[in-house]
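K.L.:
What follows is the file coords30.pdb, containing PDB, C-alpha atoms and all ligand atoms:
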```pdb
ATOM      1  CA  MET S1087      -5.512   4.014 -20.710
ATOM      2  CA  ASP S1088      -6.001   7.352 -19.008
ATOM      3  CA  GLY S1089      -2.594   8.630 -20.111
ATOM      4  CA  ASN S1090      -1.098   8.795 -16.619
ATOM      5  CA  ASN S1091       1.180   6.508 -14.683
ATOM      6  CA  ASN S1092      -1.304   5.583 -11.931
ATOM      7  CA  PRO S1093      -3.319   2.406 -11.487
ATOM      8  CA  ILE S1094      -7.037   2.588 -12.306
ATOM      9  CA  VAL S1095      -8.888   0.768  -9.531
ATOM     10  CA  ASN S1096     -12.637   0.391  -9.084
ATOM     11  CA  LEU S1097     -14.679  -1.608  -6.602
ATOM     12  CA  ILE S1098     -17.350  -3.289  -8.749
ATOM     13  CA  SER S1099     -18.959  -5.682  -6.319
ATOM     14  CA  LYS S1100     -19.547  -5.997  -2.577
ATOM     15  CA  PRO S1101     -22.553  -7.196  -0.581
ATOM     16  CA  ASP S1102     -24.959  -4.417   0.471
ATOM     17  CA  ASN S1103     -25.599  -6.276   3.703
ATOM     18  CA  MET S1104     -21.938  -6.675   4.690
ATOM     19  CA  LEU S1105     -22.297  -5.697   8.357
ATOM     20  CA  LYS S1106     -25.473  -7.716   8.823
ATOM     21  CA  THR S1107     -23.923 -10.823   7.268
ATOM     22  CA  ILE S1108     -20.836 -10.636   9.493
ATOM     23  CA  TYR S1109     -22.973  -9.839  12.536
ATOM     24  CA  THR S1110     -25.143 -12.894  11.835
ATOM     25  CA  ALA S1111     -22.035 -15.075  11.501
ATOM     26  CA  CYS S1112     -20.644 -13.736  14.791
ATOM     27  CA  ARG S1113     -23.879 -13.997  16.799
ATOM     28  CA  THR S1114     -24.676 -17.465  15.465
ATOM     29  CA  CYS S1115     -21.599 -18.769  17.290
ATOM     30  CA  TYR S1116     -22.891 -17.569  20.655
ATOM     31  CA  SER S1117     -26.677 -17.760  20.327
ATOM     32  CA  ALA S1118     -29.304 -20.469  20.757
ATOM     33  CA  ASP S1119     -31.500 -18.659  18.214
ATOM     34  CA  TYR S1120     -31.817 -19.571  14.534
ATOM     35  CA  PRO S1121     -29.358 -17.608  12.343
ATOM     36  CA  ILE S1122     -32.246 -16.310  10.206
ATOM     37  CA  ASN S1123     -33.842 -14.729  13.291
ATOM     38  CA  ILE S1124     -30.546 -13.066  14.127
ATOM     39  CA  TYR S1125     -30.325 -11.810  10.537
ATOM     40  CA  ASN S1126     -33.865 -10.429  10.660
ATOM     41  CA  SER S1127     -33.434  -8.796  14.087
ATOM     42  CA  ASP S1128     -33.228  -5.021  14.172
ATOM     43  CA  ALA S1129     -29.733  -4.672  15.659
ATOM     44  CA  ASP S1130     -28.443  -1.152  14.943
ATOM     45  CA  GLU S1131     -25.069  -0.418  13.373
ATOM     46  CA  GLU S1132     -23.423   0.448  16.712
ATOM     47  CA  LYS S1133     -24.465  -2.845  18.276
ATOM     48  CA  MET S1134     -23.372  -4.841  15.237
ATOM     49  CA  LEU S1135     -19.999  -3.088  15.078
ATOM     50  CA  LYS S1136     -19.336  -3.602  18.787
ATOM     51  CA  LEU S1137     -19.710  -7.361  18.433
ATOM     52  CA  ILE S1138     -17.912  -7.543  15.085
ATOM     53  CA  ASN S1139     -14.890  -5.592  16.371
ATOM     54  CA  ARG S1140     -14.676  -7.825  19.439
ATOM     55  CA  VAL S1141     -14.893 -11.015  17.421
ATOM     56  CA  ILE S1142     -12.352  -9.935  14.771
ATOM     57  CA  SER S1143      -9.922  -8.672  17.445
ATOM     58  CA  SER S1144     -10.027 -12.094  19.082
ATOM     59  CA  GLY S1145      -8.892 -13.697  15.816
ATOM     60  CA  HIS S1146     -12.228 -15.370  14.974
ATOM     61  CA  TYR S1147     -11.619 -14.712  11.267
ATOM     62  CA  SER S1148     -14.018 -17.230   9.688
ATOM     63  CA  THR S1149     -16.789 -14.695  10.345
ATOM     64  CA  ILE S1150     -15.396 -12.294   7.742
ATOM     65  CA  GLU S1151     -14.737 -14.930   5.105
ATOM     66  CA  HIS S1152     -18.426 -14.733   4.092
ATOM     67  CA  ILE S1153     -17.839 -11.366   2.447
ATOM     68  CA  GLN S1154     -16.580 -11.318  -1.146
ATOM     69  CA  VAL S1155     -15.463  -8.145  -2.939
ATOM     70  CA  SER S1156     -14.372  -7.610  -6.572
ATOM     71  CA  PHE S1157     -12.228  -4.937  -8.187
ATOM     72  CA  THR S1158     -11.391  -3.980 -11.736
ATOM     73  CA  ILE S1159      -7.750  -2.952 -12.051
ATOM     74  CA  ALA S1160      -5.995  -1.430 -15.078
ATOM     75  CA  ASN S1161      -2.903   0.570 -15.996
ATOM     76  CA  VAL S1162      -0.627  -1.504 -13.787
ATOM     77  CA  SER S1163       2.548  -3.289 -14.834
ATOM     78  CA  ARG S1164       2.989  -7.037 -15.203
ATOM     79  CA  ALA S1165       5.679  -6.655 -12.480
ATOM     80  CA  CYS S1166       2.957  -5.422 -10.143
ATOM     81  CA  THR S1167       0.393  -8.103 -10.999
ATOM     82  CA  HIS S1168       3.047 -10.822 -10.752
ATOM     83  CA  GLN S1169       3.266  -9.894  -7.068
ATOM     84  CA  LEU S1170      -0.499  -9.651  -6.632
ATOM     85  CA  VAL S1171      -1.155 -13.120  -8.018
ATOM     86  CA  ARG S1172       1.090 -14.592  -5.296
ATOM     87  CA  HIS S1173      -1.906 -14.119  -3.012
ATOM     88  CA  ARG S1174      -3.331 -17.609  -3.294
ATOM     89  CA  LEU S1175      -6.721 -16.964  -1.768
ATOM     90  CA  MET S1176      -7.601 -14.351  -4.398
ATOM     91  CA  SER S1177      -9.316 -15.031  -7.750
ATOM     92  CA  PHE S1178      -8.097 -13.401 -10.958
ATOM     93  CA  SER S1179      -9.099 -12.929 -14.582
ATOM     94  CA  GLN S1180      -6.288 -11.136 -16.398
ATOM     95  CA  LYS S1181      -5.873  -9.811 -19.930
ATOM     96  CA  SER S1182      -4.083 -12.547 -21.851
ATOM     97  CA  GLN S1183      -0.879 -11.902 -23.768
ATOM     98  CA  ARG S1184      -1.703 -15.051 -25.744
ATOM     99  CA  TYR S1185      -5.109 -13.958 -27.023
ATOM    100  CA  VAL S1186      -4.670 -10.186 -27.123
ATOM    101  CA  LYS S1187      -1.976  -9.128 -29.607
ATOM    102  CA  GLU S1188      -0.239  -5.807 -28.938
ATOM    103  CA  LYS S1189      -0.859  -3.446 -31.850
ATOM    104  CA  GLY S1190       1.719  -0.703 -32.348
ATOM    105  CA  GLN S1191       3.522   0.535 -29.250
ATOM    106  CA  PHE S1192       2.306  -1.476 -26.254
ATOM    107  CA  ASP S1193       1.239   0.468 -23.147
ATOM    108  CA  TYR S1194       3.797   0.460 -20.350
ATOM    109  CA  LEU S1195       4.356   1.925 -16.894
ATOM    110  CA  ILE S1196       7.461   3.939 -16.069
ATOM    111  CA  PRO S1197       8.721   3.594 -12.485
ATOM    112  CA  PRO S1198       8.678   7.067 -10.836
ATOM    113  CA  THR S1199      12.412   6.819 -10.020
ATOM    114  CA  ILE S1200      13.092   6.693 -13.767
ATOM    115  CA  GLU S1201      10.293   9.028 -14.795
ATOM    116  CA  LYS S1202      11.568  11.933 -12.728
ATOM    117  CA  ASP S1203      14.863  11.964 -14.679
ATOM    118  CA  GLU S1204      14.190  13.304 -18.208
ATOM    119  CA  LYS S1205      17.274  11.628 -19.712
ATOM    120  CA  LEU S1206      16.526   8.213 -18.207
ATOM    121  CA  LYS S1207      12.851   8.553 -19.090
ATOM    122  CA  ALA S1208      13.750   9.171 -22.757
ATOM    123  CA  LYS S1209      16.102   6.177 -22.715
ATOM    124  CA  PHE S1210      13.333   4.030 -21.206
ATOM    125  CA  ALA S1211      10.825   5.142 -23.863
ATOM    126  CA  ASP S1212      13.362   4.518 -26.621
ATOM    127  CA  PHE S1213      13.969   0.984 -25.335
ATOM    128  CA  MET S1214      10.229   0.256 -25.143
ATOM    129  CA  GLY S1215      10.007   1.377 -28.769
ATOM    130  CA  LYS S1216      12.749  -1.047 -29.784
ATOM    131  CA  ILE S1217      11.041  -3.923 -27.951
ATOM    132  CA  SER S1218       7.767  -3.036 -29.648
ATOM    133  CA  ASN S1219       9.456  -3.181 -33.065
ATOM    134  CA  VAL S1220      10.944  -6.626 -32.397
ATOM    135  CA  TYR S1221       7.600  -7.908 -31.047
ATOM    136  CA  GLN S1222       5.796  -6.578 -34.115
ATOM    137  CA  GLU S1223       8.384  -8.106 -36.456
ATOM    138  CA  PHE S1224       7.897 -11.510 -34.808
ATOM    139  CA  VAL S1225       4.079 -11.276 -34.991
ATOM    140  CA  ASP S1226       4.220 -10.092 -38.630
ATOM    141  CA  SER S1227       6.388 -13.093 -39.545
ATOM    142  CA  GLY S1228       3.790 -15.491 -38.136
ATOM    143  CA  ILE S1229       5.122 -16.102 -34.628
ATOM    144  CA  PRO S1230       2.074 -16.669 -32.370
ATOM    145  CA  ALA S1231       1.456 -13.943 -29.771
ATOM    146  CA  GLU S1232       2.024 -16.503 -26.992
ATOM    147  CA  ASP S1233       5.647 -16.807 -28.146
ATOM    148  CA  ALA S1234       6.252 -13.247 -29.369
ATOM    149  CA  ARG S1235       5.321 -12.016 -25.873
ATOM    150  CA  ALA S1236       8.558 -13.527 -24.581
ATOM    151  CA  VAL S1237      10.273 -10.251 -25.482
ATOM    152  CA  LEU S1238       7.744  -8.031 -23.678
ATOM    153  CA  PRO S1239       8.986  -6.379 -20.468
ATOM    154  CA  ASN S1240       7.819  -6.354 -16.851
ATOM    155  CA  ALA S1241       6.745  -2.751 -17.492
ATOM    156  CA  CYS S1242       4.020  -3.839 -19.923
ATOM    157  CA  ALA S1243       0.585  -2.577 -18.846
ATOM    158  CA  THR S1244      -2.090  -5.085 -17.989
ATOM    159  CA  SER S1245      -5.617  -5.228 -16.623
ATOM    160  CA  LEU S1246      -7.552  -7.701 -14.543
ATOM    161  CA  VAL S1247     -10.547  -8.413 -12.366
ATOM    162  CA  ALA S1248      -9.559  -9.464  -8.849
ATOM    163  CA  SER S1249     -11.862 -10.891  -6.178
ATOM    164  CA  LEU S1250     -11.223 -11.833  -2.585
ATOM    165  CA  ASN S1251     -12.927 -12.320   0.736
ATOM    166  CA  LEU S1252     -12.660  -9.789   3.532
ATOM    167  CA  ARG S1253     -10.186 -11.848   5.560
ATOM    168  CA  GLU S1254      -7.818 -11.983   2.588
ATOM    169  CA  MET S1255      -8.427  -8.277   1.891
ATOM    170  CA  ILE S1256      -7.227  -7.410   5.400
ATOM    171  CA  HIS S1257      -4.235  -9.730   4.986
ATOM    172  CA  LEU S1258      -3.421  -8.133   1.615
ATOM    173  CA  ALA S1259      -3.600  -4.654   3.175
ATOM    174  CA  ASN S1260      -1.449  -5.704   6.150
ATOM    175  CA  LEU S1261       1.321  -6.982   3.843
ATOM    176  CA  ARG S1262       1.167  -4.625   0.890
ATOM    177  CA  LEU S1263       0.563  -1.296   2.656
ATOM    178  CA  CYS S1264       3.853  -1.860   4.498
ATOM    179  CA  THR S1265       6.502   0.569   3.255
ATOM    180  CA  ARG S1266       8.711  -2.475   2.504
ATOM    181  CA  ALA S1267       6.266  -3.477  -0.260
ATOM    182  CA  GLN S1268       7.129  -2.288  -3.768
ATOM    183  CA  TYR S1269       5.740   1.189  -4.557
ATOM    184  CA  GLU S1270       3.387   0.136  -7.373
ATOM    185  CA  ILE S1271       1.598  -2.703  -5.576
ATOM    186  CA  ARG S1272       1.483  -0.493  -2.456
ATOM    187  CA  THR S1273      -0.209   2.262  -4.471
ATOM    188  CA  MET S1274      -2.630  -0.179  -6.089
ATOM    189  CA  VAL S1275      -3.597  -1.908  -2.817
ATOM    190  CA  LYS S1276      -4.031   1.506  -1.133
ATOM    191  CA  MET S1277      -6.489   2.402  -3.911
ATOM    192  CA  MET S1278      -8.341  -0.906  -3.391
ATOM    193  CA  CYS S1279      -8.581  -0.172   0.343
ATOM    194  CA  ASP S1280      -9.741   3.415  -0.250
ATOM    195  CA  GLU S1281     -12.462   2.214  -2.631
ATOM    196  CA  LEU S1282     -13.784  -0.221  -0.030
ATOM    197  CA  ILE S1283     -13.481   2.208   2.898
ATOM    198  CA  LYS S1284     -15.535   4.741   0.892
ATOM    199  CA  GLU S1285     -18.407   2.225   1.001
ATOM    200  CA  GLU S1286     -17.686   0.687   4.415
ATOM    201  CA  PRO S1287     -15.946   3.332   6.583
ATOM    202  CA  TRP S1288     -15.705   0.967   9.590
ATOM    203  CA  LEU S1289     -13.041  -0.992   7.702
ATOM    204  CA  LYS S1290     -10.515   1.867   7.966
ATOM    205  CA  ASP S1291      -9.153   0.410  11.236
ATOM    206  CA  TYR S1292      -8.534  -2.967   9.587
ATOM    207  CA  LEU S1293      -7.196  -2.040   6.158
ATOM    208  CA  VAL S1294      -3.852  -0.890   7.538
ATOM    209  CA  PRO S1295      -0.187  -1.991   7.343
ATOM    210  CA  LYS S1296       0.649  -4.976   9.554
ATOM    211  CA  CYS S1297       2.630  -2.805  11.996
ATOM    212  CA  VAL S1298      -0.407  -0.620  12.659
ATOM    213  CA  ALA S1299      -2.497  -3.748  13.263
ATOM    214  CA  SER S1300       0.052  -5.358  15.608
ATOM    215  CA  GLY S1301       1.789  -2.354  17.183
ATOM    216  CA  PHE S1302       5.264  -3.489  16.164
ATOM    217  CA  CYS S1303       7.477  -3.926  13.081
ATOM    218  CA  ASP S1304       8.770  -7.379  12.140
ATOM    219  CA  GLU S1305      10.766  -6.253   9.089
ATOM    220  CA  ASP S1306      14.592  -6.347   9.007
ATOM    221  CA  LYS S1307      14.730  -2.827   7.637
ATOM    222  CA  SER S1308      12.131  -0.811   9.521
ATOM    223  CA  CYS S1309      10.725   2.509   8.318
ATOM    224  CA  GLY S1310      10.511   3.552  11.980
ATOM    225  CA  ARG S1311       6.758   3.974  12.064
ATOM    226  CA  MET S1312       6.474   1.406  14.874
ATOM    227  CA  PRO S1313       9.054  -0.020  17.320
ATOM    228  CA  LYS S1314      10.859  -3.168  16.180
ATOM    229  CA  LEU S1315       9.625  -6.378  17.784
ATOM    230  CA  GLN S1316      13.155  -7.271  19.032
ATOM    231  CA  ASP S1317      13.429  -3.894  20.774
ATOM    232  CA  LEU S1318      10.115  -4.422  22.540
ATOM    233  CA  ILE S1319      11.210  -7.883  23.696
ATOM    234  CA  LYS S1320      14.540  -6.473  25.002
ATOM    235  CA  GLN S1321      12.656  -3.860  27.068
ATOM    236  CA  ASP S1322      10.750  -6.593  28.965
TER     237      ASP S1322
HETATM  238  C1  LIG Q   1       7.561  -6.925   1.168
HETATM  239  C2  LIG Q   1       7.431  -8.249   0.471
HETATM  240  C3  LIG Q   1       8.526  -8.806  -0.153
HETATM  241  C4  LIG Q   1       8.418 -10.047  -0.803
HETATM  242  N1  LIG Q   1       9.517 -10.571  -1.422
HETATM  243  C5  LIG Q   1       9.426 -11.767  -2.047
HETATM  244  C6  LIG Q   1      10.550 -12.360  -2.703
HETATM  245  O1  LIG Q   1      11.632 -11.780  -2.713
HETATM  246  N2  LIG Q   1      10.397 -13.549  -3.331
HETATM  247  C7  LIG Q   1       9.200 -14.229  -3.323
HETATM  248  O2  LIG Q   1       9.112 -15.322  -3.882
HETATM  249  N3  LIG Q   1       8.122 -13.692  -2.722
HETATM  250  C8  LIG Q   1       8.190 -12.497  -2.093
HETATM  251  N4  LIG Q   1       7.080 -11.964  -1.493
HETATM  252  C9  LIG Q   1       5.801 -12.699  -1.571
HETATM  253  C10 LIG Q   1       5.500 -13.471  -0.254
HETATM  254  O3  LIG Q   1       6.468 -14.450  -0.001
HETATM  255  C11 LIG Q   1       4.114 -14.129  -0.347
HETATM  256  O4  LIG Q   1       4.137 -15.097  -1.381
HETATM  257  C12 LIG Q   1       3.018 -13.147  -0.669
HETATM  258  O5  LIG Q   1       3.153 -11.979   0.095
HETATM  259  C13 LIG Q   1       1.662 -13.792  -0.370
HETATM  260  O6  LIG Q   1       1.532 -13.830   1.034
HETATM  261  P1  LIG Q   1       0.857 -14.996   1.832
HETATM  262  O7  LIG Q   1       1.451 -16.295   1.452
HETATM  263  O8  LIG Q   1       0.864 -14.632   3.295
HETATM  264  O9  LIG Q   1      -0.639 -14.783   1.422
HETATM  265  P2  LIG Q   1      -1.736 -15.603   0.628
HETATM  266  O10 LIG Q   1      -1.221 -16.456  -0.442
HETATM  267  O11 LIG Q   1      -2.668 -14.517   0.265
HETATM  268  O12 LIG Q   1      -2.353 -16.538   1.733
HETATM  269  C14 LIG Q   1      -3.011 -15.998   2.878
HETATM  270  C15 LIG Q   1      -2.661 -16.841   4.079
HETATM  271  O13 LIG Q   1      -3.233 -18.144   3.887
HETATM  272  C16 LIG Q   1      -2.360 -19.113   4.455
HETATM  273  N5  LIG Q   1      -1.904 -19.996   3.371
HETATM  274  C17 LIG Q   1      -2.130 -19.854   2.039
HETATM  275  N6  LIG Q   1      -1.595 -20.872   1.349
HETATM  276  C18 LIG Q   1      -1.003 -21.675   2.275
HETATM  277  C19 LIG Q   1      -0.267 -22.877   2.188
HETATM  278  N7  LIG Q   1      -0.016 -23.493   1.028
HETATM  279  N8  LIG Q   1       0.192 -23.433   3.326
HETATM  280  C20 LIG Q   1      -0.055 -22.864   4.528
HETATM  281  N9  LIG Q   1      -0.726 -21.703   4.687
HETATM  282  C21 LIG Q   1      -1.216 -21.122   3.568
HETATM  283  C22 LIG Q   1      -1.198 -18.356   5.094
HETATM  284  O14 LIG Q   1      -1.505 -18.107   6.455
HETATM  285  C23 LIG Q   1      -1.180 -17.064   4.329
HETATM  286  O15 LIG Q   1      -0.587 -15.994   5.056
HETATM  287  C24 LIG Q   1       7.167 -10.727  -0.829
HETATM  288  C25 LIG Q   1       6.064 -10.155  -0.191
HETATM  289  C26 LIG Q   1       6.168  -8.945   0.465
HETATM  290  C27 LIG Q   1       4.953  -8.354   1.124
END
```
Would it be possible to restate this file's structure as structure tokens?
P.N.:
Amino acid sequence: MDGNNNPIVNLISKPDNMLKTIYTACRTCYSADYPINIYNSDADEEKMLKLINRVISSGHYSTIEHIQVSFTIANVSRACTHQLVRHRLMSFSQKSQRYVKEKGQFDYLIPPTIEKDEKLKAKFADFMGKISNVYQEFVDSGIPAEDARAVLPNACATSLVASLNLREMIHLANLRLCTRAQYEIRTMVKMMCDELIKEEPWLKDYLVPKCVASGFCDEDKSCGRMPKLQDLIKQD
């Protein structure tokens, strides 16, 4: 752990030929030429992006499913990863609480709303200490880790490798960058997006909250960033 309360997110794998692969997928749909000739053509970045943007905007999403990216993620809570693993088109390998026994005080994440209050923060830390003692007592008396973990909290730190294709990445960003998403998963997904945008700047227009992608908000409680869908319909 790096001793702070932030997720540690790193992009560890993405194809070097991302644009070319998507471009080939897009052009193949509209060309009489062999896909390999399209791949080997010398289309420049501007030309490739023009076609790719047009095809994605028209909802032809299979073309971006060919791109797989992987992240390592650490220093996040089990509460956060419980939400992440709801994304069914992602692949995960997560630190096991069955095979990895906690030794001494387990690592945990303190929600910022609690952390900013010194008294509540101390109470939180004290409670984590008590849980750790009970967990340790169970393990020391021979209870297997897979059962002793029943007392561990949502705040427990975890780590995982997460992989997904570009279509799912955009979907993940659309849902989890929304201000209605819980702060920790929002922070973590923002870091995933930033890592990928560093390598592929053209993705910055796609890795956005759903309201930015659609131009309206469909949430009950809106943050006000975009007009509510119902209000737009009423105006018509
Ligand atoms: C702000 C927020 C609050 C939430 N609150 C709750 C909550 O209170 N309780 C709760 O249980 N969950 C909650 N969720 C989780 C939510 O219901 C989804 O499970 C989660 O966001 C994954 O989204 P998804 O199903 O669109 O995406 P993915 O599982 O990533 O799937 C991507 C897309 O593939 C398609 N797809 C995947 N599987 C199927 C399928 N079986 N059938 C048809 N189409 C499929 C859908 O088009 C889907 O959008 C919340 C999510 C958000 C963002």
K.L.:
Could I get the residues of chain S with an atom no further than 10 Å from an atom of ligand LIG 1 (chain Q), each paired with its nearest atom pair and that distance in Å to one decimal, using all atoms listed in the file, sorted by chain and residue number, as JSON lines?
P.N.:
```
{"residue": "S:His1168", "atom": "CA", "partner": "Q:LIG1", "partner_atom": "C9", "distance": 9.8}
{"residue": "S:Gln1169", "atom": "CA", "partner": "Q:LIG1", "partner_atom": "C9", "distance": 6.7}
{"residue": "S:Leu1170", "atom": "CA", "partner": "Q:LIG1", "partner_atom": "C12", "distance": 7.8}
{"residue": "S:Val1171", "atom": "CA", "partner": "Q:LIG1", "partner_atom": "C13", "distance": 8.2}
{"residue": "S:Arg1172", "atom": "CA", "partner": "Q:LIG1", "partner_atom": "O4", "distance": 5.0}
{"residue": "S:His1173", "atom": "CA", "partner": "Q:LIG1", "partner_atom": "O11", "distance": 3.4}
{"residue": "S:Arg1174", "atom": "CA", "partner": "Q:LIG1", "partner_atom": "O10", "distance": 3.7}
{"residue": "S:Leu1175", "atom": "CA", "partner": "Q:LIG1", "partner_atom": "O11", "distance": 5.2}
{"residue": "S:Met1176", "atom": "CA", "partner": "Q:LIG1", "partner_atom": "O11", "distance": 6.8}
{"residue": "S:Leu1250", "atom": "CA", "partner": "Q:LIG1", "partner_atom": "O11", "distance": 9.4}
{"residue": "S:Arg1253", "atom": "CA", "partner": "Q:LIG1", "partner_atom": "C14", "distance": 8.7}
{"residue": "S:Glu1254", "atom": "CA", "partner": "Q:LIG1", "partner_atom": "O11", "distance": 6.2}
{"residue": "S:Met1255", "atom": "CA", "partner": "Q:LIG1", "partner_atom": "O11", "distance": 8.6}
{"residue": "S:Ile1256", "atom": "CA", "partner": "Q:LIG1", "partner_atom": "O11", "distance": 9.9}
{"residue": "S:His1257", "atom": "CA", "partner": "Q:LIG1", "partner_atom": "C14", "distance": 6.7}
{"residue": "S:Leu1258", "atom": "CA", "partner": "Q:LIG1", "partner_atom": "O11", "distance": 6.6}
{"residue": "S:Ala1259", "atom": "CA", "partner": "Q:LIG1", "partner_atom": "C27", "distance": 9.5}
{"residue": "S:Asn1260", "atom": "CA", "partner": "Q:LIG1", "partner_atom": "C27", "distance": 8.6}
{"residue": "S:Leu1261", "atom": "CA", "partner": "Q:LIG1", "partner_atom": "C27", "distance": 4.7}
{"residue": "S:Arg1262", "atom": "CA", "partner": "Q:LIG1", "partner_atom": "C27", "distance": 5.3}
{"residue": "S:Leu1263", "atom": "CA", "partner": "Q:LIG1", "partner_atom": "C27", "distance": 8.5}
{"residue": "S:Cys1264", "atom": "CA", "partner": "Q:LIG1", "partner_atom": "C1", "distance": 7.1}
{"residue": "S:Thr1265", "atom": "CA", "partner": "Q:LIG1", "partner_atom": "C1", "distance": 7.9}
{"residue": "S:Arg1266", "atom": "CA", "partner": "Q:LIG1", "partner_atom": "C1", "distance": 4.8}
{"residue": "S:Ala1267", "atom": "CA", "partner": "Q:LIG1", "partner_atom": "C1", "distance": 4.0}
{"residue": "S:Gln1268", "atom": "CA", "partner": "Q:LIG1", "partner_atom": "C1", "distance": 6.8}
{"residue": "S:Ile1271", "atom": "CA", "partner": "Q:LIG1", "partner_atom": "C27", "distance": 9.4}
{"residue": "S:Arg1272", "atom": "CA", "partner": "Q:LIG1", "partner_atom": "C27", "distance": 9.3}
{"residue": "S:Glu1305", "atom": "CA", "partner": "Q:LIG1", "partner_atom": "C1", "distance": 8.6}
```
K.L.:
I need the output of the PyMOL selection byres (((chain S and resi 1162) around 8) and not hetatm) for this file as a ChimeraX atom specification; which residues are they?
P.N.:
/S:1092-1094,1159-1161,1163-1164,1166-1167,1195,1243-1245,1270
K.L.:
Run the PyMOL selection byres (((chain S and resi 1289) around 12) and not hetatm) mentally over the shown coordinates, then write out the matched residues as a list in words, using the chain letters and numbers from the document.
P.N.:
Met1104, Leu1105, Leu1135, Ile1138, Asn1139, Ile1142, Ile1150, Leu1252, Arg1253, Met1255, Ile1256, Ala1259, Cys1279, Asp1280, Glu1281, Leu1282, Ile1283, Lys1284, Glu1285, Glu1286, Pro1287, Trp1288, Lys1290, Asp1291, Tyr1292, Leu1293 and Val1294 of chain S
K.L.:
Report as a count of residues only all protein, DNA and RNA residues lying within 7 Å of range 1125-1129 of chain S, evaluated on all atoms listed in the file, omitting residues in the same chain fewer than 4 positions from it.
P.N.:
5
K.L.:
Between CA of Tyr1120 in chain S and CA of Ser1099 in chain S, what is the distance in Å, rounded to a tenth?
P.N.:
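So the answer is 28.2 Å.
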K.L.:
Do you know which residues are at most 10 Å from Gly1215 in chain S counting all atoms listed in the file, after dropping those on the same chain fewer than 6 positions away, and could you put them as a list in words?
P.N.:
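Near Gly1215 in chain S, the qualifying residues are Gly1190, Gln1191, Phe1192, Lys1209 and Tyr1221 of chain S.
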K.L.:
So, counting all atoms listed in the file, which residue among S:Cys1112, S:Glu1188, S:Asn1103, S:Ala1248 is closest to Gly1145 in chain S?
P.N.:
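Looking at the shortest contact to Gly1145 in chain S, the residue is S:Cys1112.
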K.L.:
Determine the nearest neighbour of Met1274 in chain S from the options S:Asn1096, S:Ser1177, S:Thr1199, S:Asn1090, counting all atoms listed in the file.
P.N.:
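Selected residue with least distance to Met1274 in chain S: S:Asn1096.
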K.L.:
With all atoms listed in the file as the basis for distance, which of S:Cys1242, S:Tyr1116, S:Met1278, S:Asn1219 is at the shortest distance from Val1155 in chain S?
P.N.:
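Of S:Cys1242, S:Tyr1116, S:Met1278, S:Asn1219, the one nearest Val1155 in chain S is S:Met1278, counting all atoms listed in the file.
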K.L.:
Could you tell me how far CA of Val1095 in chain S sits from CA of Ala1299 in chain S, in Å to one decimal place?
P.N.:
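Separation between CA of Ala1299 in chain S and CA of Val1095 in chain S: 24.1 Å.
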K.L.:
Enumerate, in order of chain and increasing residue number, the residues of range 1163-1185 of chain S with an atom no farther than 12 Å from range 1231-1234 of chain S, each with its shortest atom pair and distance in Å to one decimal, counting all atoms listed in the file, as CSV.
P.N.:
```
residue,atom,partner,partner_atom,distance
S:Ser1182,CA,S:Glu1232,CA,8.9
S:Gln1183,CA,S:Glu1232,CA,6.3
S:Arg1184,CA,S:Glu1232,CA,4.2
S:Tyr1185,CA,S:Ala1231,CA,7.1
```
K.L.:
Go ahead and dump the residues you just picked, C-alpha atoms, as a PDB file, keeping the file's coordinate frame.
P.N.:
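So out-v4.pdb came out as:
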```
ATOM      1  CA  SER S1182      -4.083 -12.547 -21.851  1.00  0.00           C
ATOM      2  CA  GLN S1183      -0.879 -11.902 -23.768  1.00  0.00           C
ATOM      3  CA  ARG S1184      -1.703 -15.051 -25.744  1.00  0.00           C
ATOM      4  CA  TYR S1185      -5.109 -13.958 -27.023  1.00  0.00           C
TER       5      TYR S1185
END
```
K.L.:
Which value, in Å to one decimal, gives the distance between CA of Thr1149 in chain S and CA of Lys1136 in chain S?
P.N.:
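Separation between CA of Thr1149 in chain S and CA of Lys1136 in chain S: 14.2 Å.
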K.L.:
Just checking: using only C-alpha atoms, which residue out of S:Ser1117, S:Ser1179, S:Ser1300, S:Ser1156 ends up closest to Met1312 in chain S?
P.N.:
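Looking at the shortest contact to Met1312 in chain S, the residue is S:Ser1300.
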K.L.:
Centre and edge lengths of an axis-aligned box around all listed atoms of range 1286-1296 of chain S, with 5 Å added on each side, are to be given in Å to one decimal, as JSON.
P.N.:
```
{"center_x": -8.5, "center_y": -0.8, "center_z": 7.8, "size_x": 28.3, "size_y": 18.3, "size_z": 16.8}
```
K.L.:
With distances taken over only C-alpha atoms, which of S:Lys1216, S:Lys1202, S:Lys1296, S:Lys1187 is nearest to Ile1229 in chain S?
P.N.:
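Using only C-alpha atoms, the shortest distance to Ile1229 in chain S belongs to S:Lys1187.
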K.L.:
Tell me, as a tab-separated table (two decimals) with C-alpha atoms, in the coordinates of the input, which residues lie within 10 Å of Lys1189 in chain S, counting only C-alpha atoms; anything in the same chain fewer than 4 positions away does not count.
P.N.:
```
chain	number	residue	atom	x	y	z
S	1193	ASP	CA	1.24	0.47	-23.15
S	1218	SER	CA	7.77	-3.04	-29.65
S	1221	TYR	CA	7.60	-7.91	-31.05
S	1222	GLN	CA	5.80	-6.58	-34.12
S	1225	VAL	CA	4.08	-11.28	-34.99
```
